[in-house]
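Source file: target-v5.cif (mmCIF, C-alpha atoms and all ligand atoms)
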data_coords
#
loop_
_atom_site.group_PDB
_atom_site.id
_atom_site.type_symbol
_atom_site.label_atom_id
_atom_site.label_comp_id
_atom_site.auth_asym_id
_atom_site.auth_seq_id
_atom_site.Cartn_x
_atom_site.Cartn_y
_atom_site.Cartn_z
ATOM 1 C CA MET A 282 0.000 0.000 0.000
ATOM 2 C CA ALA A 283 2.688 2.418 1.123
ATOM 3 C CA TRP A 284 4.841 1.621 -1.898
ATOM 4 C CA ALA A 285 1.871 2.276 -4.178
ATOM 5 C CA ALA A 286 1.281 5.661 -2.551
ATOM 6 C CA GLY A 287 5.019 6.360 -2.798
ATOM 7 C CA ALA A 288 5.081 5.402 -6.464
ATOM 8 C CA GLY A 289 2.025 7.577 -7.073
ATOM 9 C CA LEU A 290 3.702 10.511 -5.362
ATOM 10 C CA ALA A 291 6.904 9.973 -7.331
ATOM 11 C CA ALA A 292 4.961 9.832 -10.593
ATOM 12 C CA GLY A 293 3.066 12.975 -9.607
ATOM 13 C CA LEU A 294 6.286 14.809 -8.793
ATOM 14 C CA ALA A 295 7.854 13.665 -12.063
ATOM 15 C CA ALA A 296 4.799 14.796 -14.037
ATOM 16 C CA ASN A 297 4.895 18.155 -12.253
ATOM 17 C CA PHE A 298 8.593 18.537 -13.034
ATOM 18 C CA VAL A 299 7.970 17.768 -16.709
ATOM 19 C CA ARG A 300 5.074 20.245 -16.814
ATOM 20 C CA LYS A 301 7.251 22.955 -15.247
ATOM 21 C CA ALA A 302 10.139 22.191 -17.602
ATOM 22 C CA ILE A 303 7.796 22.497 -20.593
ATOM 23 C CA MET A 304 6.414 25.822 -19.301
ATOM 24 C CA GLN A 305 9.914 27.234 -18.772
ATOM 25 C CA ALA A 306 11.347 25.777 -21.999
ATOM 26 C CA PRO A 307 10.715 28.762 -24.309
ATOM 27 C CA THR A 308 12.567 30.999 -21.826
ATOM 28 C CA ALA A 309 15.329 28.485 -21.094
ATOM 29 C CA LEU A 310 15.943 27.804 -24.787
ATOM 30 C CA ALA A 311 15.939 31.450 -25.822
ATOM 31 C CA GLY A 312 19.605 31.876 -24.844
ATOM 32 C CA ASP A 313 20.971 34.615 -22.604
ATOM 33 C CA TRP A 314 18.767 36.207 -19.963
ATOM 34 C CA ASP A 315 18.074 39.330 -22.034
ATOM 35 C CA GLN A 316 17.038 37.314 -25.094
ATOM 36 C CA ALA A 317 14.844 35.106 -22.917
ATOM 37 C CA LEU A 318 13.093 38.122 -21.402
ATOM 38 C CA ALA A 319 12.629 39.679 -24.852
ATOM 39 C CA GLN A 320 11.064 36.403 -25.957
ATOM 40 C CA GLU A 321 8.638 36.566 -23.023
ATOM 41 C CA HIS A 322 7.772 40.186 -23.897
ATOM 42 C CA LYS A 323 6.941 39.066 -27.432
ATOM 43 C CA ALA A 324 4.792 36.192 -26.183
ATOM 44 C CA ALA A 325 2.905 38.563 -23.847
ATOM 45 C CA LEU A 326 2.252 41.034 -26.699
ATOM 46 C CA ALA A 327 0.837 38.172 -28.781
ATOM 47 C CA LEU A 328 -1.545 37.335 -25.924
ATOM 48 C CA PHE A 329 -2.604 41.001 -25.668
ATOM 49 C CA ASP A 330 -3.362 40.946 -29.403
ATOM 50 C CA LYS A 331 -5.426 37.771 -29.163
ATOM 51 C CA LEU A 332 -7.316 39.180 -26.183
ATOM 52 C CA GLU A 333 -8.119 42.383 -28.044
ATOM 53 C CA GLN A 334 -9.632 40.350 -30.850
ATOM 54 C CA THR A 335 -11.923 38.200 -28.742
ATOM 55 C CA GLU A 336 -15.281 39.048 -27.220
ATOM 56 C CA HIS A 337 -16.155 35.459 -26.367
ATOM 57 C CA ALA A 338 -16.376 35.251 -22.555
ATOM 58 C CA THR A 339 -14.815 31.808 -22.043
ATOM 59 C CA ARG A 340 -12.027 32.430 -24.508
ATOM 60 C CA ARG A 341 -11.363 35.824 -22.942
ATOM 61 C CA ALA A 342 -11.172 34.239 -19.469
ATOM 62 C CA MET A 343 -8.801 31.565 -20.720
ATOM 63 C CA LEU A 344 -6.481 33.966 -22.535
ATOM 64 C CA PHE A 345 -6.544 36.406 -19.640
ATOM 65 C CA ALA A 346 -5.535 33.645 -17.187
ATOM 66 C CA LYS A 347 -2.671 32.790 -19.532
ATOM 67 C CA LEU A 348 -1.548 36.419 -19.706
ATOM 68 C CA LYS A 349 -1.712 36.745 -15.923
ATOM 69 C CA GLN A 350 0.373 33.593 -15.450
ATOM 70 C CA ALA A 351 2.938 34.700 -18.046
ATOM 71 C CA LEU A 352 3.321 38.229 -16.648
ATOM 72 C CA SER A 353 3.485 37.015 -13.051
ATOM 73 C CA ARG A 354 6.288 34.593 -13.839
ATOM 74 C CA HIS A 355 8.059 37.261 -15.922
ATOM 75 C CA ALA A 356 7.878 39.799 -13.062
ATOM 76 C CA PHE A 357 9.099 37.162 -10.590
ATOM 77 C CA GLU A 358 12.180 36.510 -12.741
ATOM 78 C CA GLU A 359 12.954 40.204 -13.177
ATOM 79 C CA GLU A 360 12.256 41.256 -9.597
ATOM 80 C CA ASN A 361 14.220 38.393 -8.027
ATOM 81 C CA VAL A 362 17.262 38.427 -10.285
ATOM 82 C CA ILE A 363 17.504 41.205 -12.873
ATOM 83 C CA TYR A 364 16.478 44.235 -10.810
ATOM 84 C CA PRO A 365 18.787 43.272 -7.914
ATOM 85 C CA ALA A 366 21.600 43.061 -10.505
ATOM 86 C CA LEU A 367 20.625 46.547 -11.725
ATOM 87 C CA ARG A 368 20.868 47.895 -8.159
ATOM 88 C CA ASP A 369 24.277 46.252 -7.780
ATOM 89 C CA HIS A 370 25.489 47.970 -10.940
ATOM 90 C CA GLY A 371 24.490 51.563 -10.295
ATOM 91 C CA ALA A 372 21.004 51.500 -11.825
ATOM 92 C CA GLY A 373 18.924 51.441 -8.633
ATOM 93 C CA ASP A 374 16.716 54.288 -9.873
ATOM 94 C CA ARG A 375 15.768 52.273 -12.946
ATOM 95 C CA ALA A 376 15.050 49.218 -10.786
ATOM 96 C CA GLU A 377 12.681 51.266 -8.616
ATOM 97 C CA ALA A 378 10.927 52.801 -11.630
ATOM 98 C CA PHE A 379 10.474 49.333 -13.141
ATOM 99 C CA ASN A 380 9.181 47.978 -9.845
ATOM 100 C CA HIS A 381 6.624 50.772 -9.802
ATOM 101 C CA ASP A 382 5.487 49.758 -13.305
ATOM 102 C CA HIS A 383 5.164 46.146 -12.131
ATOM 103 C CA GLY A 384 2.852 47.380 -9.377
ATOM 104 C CA LEU A 385 0.662 48.985 -12.037
ATOM 105 C CA VAL A 386 0.700 45.742 -14.021
ATOM 106 C CA LYS A 387 -0.664 43.931 -10.960
ATOM 107 C CA GLN A 388 -3.360 46.589 -10.598
ATOM 108 C CA TYR A 389 -4.448 46.166 -14.235
ATOM 109 C CA LEU A 390 -4.479 42.383 -13.817
ATOM 110 C CA PHE A 391 -6.604 42.759 -10.699
ATOM 111 C CA ASP A 392 -9.076 45.230 -12.245
ATOM 112 C CA LEU A 393 -9.430 43.401 -15.547
ATOM 113 C CA GLY A 394 -9.659 40.006 -13.849
ATOM 114 C CA ARG A 395 -12.352 41.093 -11.410
ATOM 115 C CA ASP A 396 -14.882 42.144 -14.009
ATOM 116 C CA GLN A 397 -14.392 40.645 -17.426
ATOM 117 C CA HIS A 398 -17.852 41.733 -18.604
ATOM 118 C CA ARG A 399 -17.423 45.477 -18.162
ATOM 119 C CA SER A 400 -18.183 47.462 -21.307
ATOM 120 C CA ASP A 401 -14.842 49.310 -21.306
ATOM 121 C CA TRP A 402 -12.824 46.107 -20.824
ATOM 122 C CA THR A 403 -11.030 46.300 -24.169
ATOM 123 C CA THR A 404 -10.278 50.018 -23.728
ATOM 124 C CA LYS A 405 -8.668 49.260 -20.373
ATOM 125 C CA LEU A 406 -6.787 46.330 -21.886
ATOM 126 C CA ARG A 407 -5.368 48.674 -24.539
ATOM 127 C CA GLU A 408 -4.196 51.108 -21.820
ATOM 128 C CA PHE A 409 -2.558 48.154 -20.101
ATOM 129 C CA ARG A 410 -0.894 47.081 -23.342
ATOM 130 C CA SER A 411 0.630 50.524 -23.909
ATOM 131 C CA LEU A 412 2.014 50.640 -20.369
ATOM 132 C CA PHE A 413 3.506 47.180 -20.885
ATOM 133 C CA GLU A 414 4.947 48.099 -24.266
ATOM 134 C CA LYS A 415 6.608 51.274 -23.000
ATOM 135 C CA HIS A 416 8.077 49.370 -20.049
ATOM 136 C CA MET A 417 9.421 46.497 -22.146
ATOM 137 C CA ARG A 418 10.972 48.881 -24.670
ATOM 138 C CA GLU A 419 12.896 50.669 -21.914
ATOM 139 C CA GLU A 420 14.098 47.302 -20.650
ATOM 140 C CA GLU A 421 14.999 45.844 -24.033
ATOM 141 C CA GLU A 422 16.386 48.887 -25.800
ATOM 142 C CA GLN A 423 18.206 50.656 -23.023
ATOM 143 C CA VAL A 424 18.516 49.239 -19.542
ATOM 144 C CA PHE A 425 19.108 45.544 -20.177
ATOM 145 C CA PRO A 426 21.797 46.068 -22.871
ATOM 146 C CA GLU A 427 23.615 48.440 -20.483
ATOM 147 C CA LEU A 428 23.518 45.855 -17.695
ATOM 148 C CA LYS A 429 24.610 43.048 -19.996
ATOM 149 C CA ALA A 430 27.594 45.084 -21.171
ATOM 150 C CA GLN A 431 28.689 45.701 -17.585
ATOM 151 C CA LEU A 432 28.706 41.987 -16.727
ATOM 152 C CA SER A 433 31.403 39.498 -17.668
ATOM 153 C CA GLU A 434 30.491 36.421 -19.689
ATOM 154 C CA ASP A 435 30.482 34.311 -16.513
ATOM 155 C CA GLU A 436 28.315 36.837 -14.672
ATOM 156 C CA ASN A 437 25.823 36.958 -17.538
ATOM 157 C CA HIS A 438 25.706 33.171 -17.537
ATOM 158 C CA ALA A 439 25.072 33.146 -13.782
ATOM 159 C CA VAL A 440 22.227 35.656 -14.223
ATOM 160 C CA THR A 441 20.678 33.484 -16.953
ATOM 161 C CA MET A 442 20.851 30.385 -14.725
ATOM 162 C CA ALA A 443 19.443 32.193 -11.678
ATOM 163 C CA MET A 444 16.620 33.687 -13.739
ATOM 164 C CA ASN A 445 15.593 30.305 -15.151
ATOM 165 C CA LYS A 446 15.654 28.853 -11.654
ATOM 166 C CA GLU A 447 13.225 31.557 -10.488
ATOM 167 C CA GLY A 448 11.020 31.038 -13.535
ATOM 168 C CA LEU A 449 10.775 27.322 -12.850
ATOM 169 C CA LYS A 450 9.334 28.044 -9.410
ATOM 170 C CA LEU A 451 6.278 29.696 -10.958
ATOM 171 C CA ALA A 452 6.080 27.609 -14.142
HETATM 172 FE FE FE A 501 9.740 44.480 -16.205
HETATM 173 FE FE FE A 502 10.199 42.638 -18.801
#
Take the structure in the file and write it out as structure tokens.
Ligand SMILES: [Fe+2]
Ligand SMILES: [Fe+2]
Amino acid sequence: MAWAAGAGLAAGLAANFVRKAIMQAPTALAGDWDQALAQEHKAALALFDKLEQTEHATRRAMLFAKLKQALSRHAFEEENVIYPALRDHGAGDRAEAFNHDHGLVKQYLFDLGRDQHRSDWTTKLREFRSLFEKHMREEEEQVFPELKAQLSEDENHAVTMAMNKEGLKLA
């Protein structure tokens, strides 16, 4: 009996590990940390686009849950690894400004998730998308390349590994 329960638990843990690995795979396979985060930005924009095009309640709920999961994991990776690295390399003000944006992202996710039938839902989603787009452009075009250039190859590799480890926790 006990062995059966143990085997069941082991199989469950293995299945969970595989599921997490699959969820994290696009990030882990994208290469360096900055490329992986850019890849996640792109995937989030694609979800915003799909959401804008759908009025169907169930599909909207499903896509919105996906967007929330993707952005939460993305923020977790940045806040636990990338922004601390920014603070360590003289860009604390940028880290704080980005953290503030992440707070707004959570607010949009909360507001849009609470009432998915409101008439101005898509208008609010578009506002959310422009905030996200401005934020990701600052990261991708300015702040992340500056950080990457300040780090050695080994340090960049360590950041990539640490970021994937954080991502796996929420995958
Ligand atoms: Fe961010
Ligand atoms: Fe980002």
### Message
Using the chain letters and numbers from this file, what does the PyMOL selection byres (((not hetatm)) within 10 of (chain A and resi 502)) select? Give the answer as number ranges by chain.
### Response
A: 315, 317-323, 325, 352, 355-360, 363, 379, 383, 413-414, 416-421, 425
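Restricting the calculation to only C-alpha atoms, the smallest distance between A:Thr339 and any of A:Met304, A:Glu434, A:Leu390, A:Gln397 is found for A:Gln397.
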#### Entry: Neighbour list for A:Lys301 as a PyMOL selection string, cut-off 10 Å, only C-alpha atoms, skip fewer than 4 positions in-chain
chain A and resi 295-297+305-306+448-452
### Query
When distances are computed from only C-alpha atoms and all ligand atoms, which of A:Gln316, A:Asn380, A:Asn361, A:Gln334 shows the smallest separation from ligand FE 501 (chain A)?
A:Asn380
## Note on the structure
note - atom CA of A:Phe345 and atom CA of A:Leu310 are separated by 24.6 Å
### Message
For the provided coordinates, the residues matched by the PyMOL selection byres (((chain A and resi 332) around 10) and not hetatm) should be stated as a ChimeraX atom specification.
### Response
/A:326-331,333-337,340-345,348,403,406-407
Kindly export the residues of the current selection with C-alpha atoms, as a compact mmCIF listing (two decimals), keeping the file's coordinate frame.
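Generated file (again21.txt):
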# COMPACT_ATOMS: atom_id res chain seq x y z
CA LEU A 326 2.25 41.03 -26.70
CA ALA A 327 0.84 38.17 -28.78
CA LEU A 328 -1.54 37.34 -25.92
CA PHE A 329 -2.60 41.00 -25.67
CA ASP A 330 -3.36 40.95 -29.40
CA LYS A 331 -5.43 37.77 -29.16
CA GLU A 333 -8.12 42.38 -28.04
CA GLN A 334 -9.63 40.35 -30.85
CA THR A 335 -11.92 38.20 -28.74
CA GLU A 336 -15.28 39.05 -27.22
CA HIS A 337 -16.16 35.46 -26.37
CA ARG A 340 -12.03 32.43 -24.51
CA ARG A 341 -11.36 35.82 -22.94
CA ALA A 342 -11.17 34.24 -19.47
CA MET A 343 -8.80 31.56 -20.72
CA LEU A 344 -6.48 33.97 -22.54
CA PHE A 345 -6.54 36.41 -19.64
CA LEU A 348 -1.55 36.42 -19.71
CA THR A 403 -11.03 46.30 -24.17
CA LEU A 406 -6.79 46.33 -21.89
CA ARG A 407 -5.37 48.67 -24.54
### Message
From the options A:Ala376, A:Leu393, A:Trp402, A:Pro426, which residue's atoms come nearest to ligand FE 501 (chain A), counting all atoms listed in the file?
### Response
A:Ala376
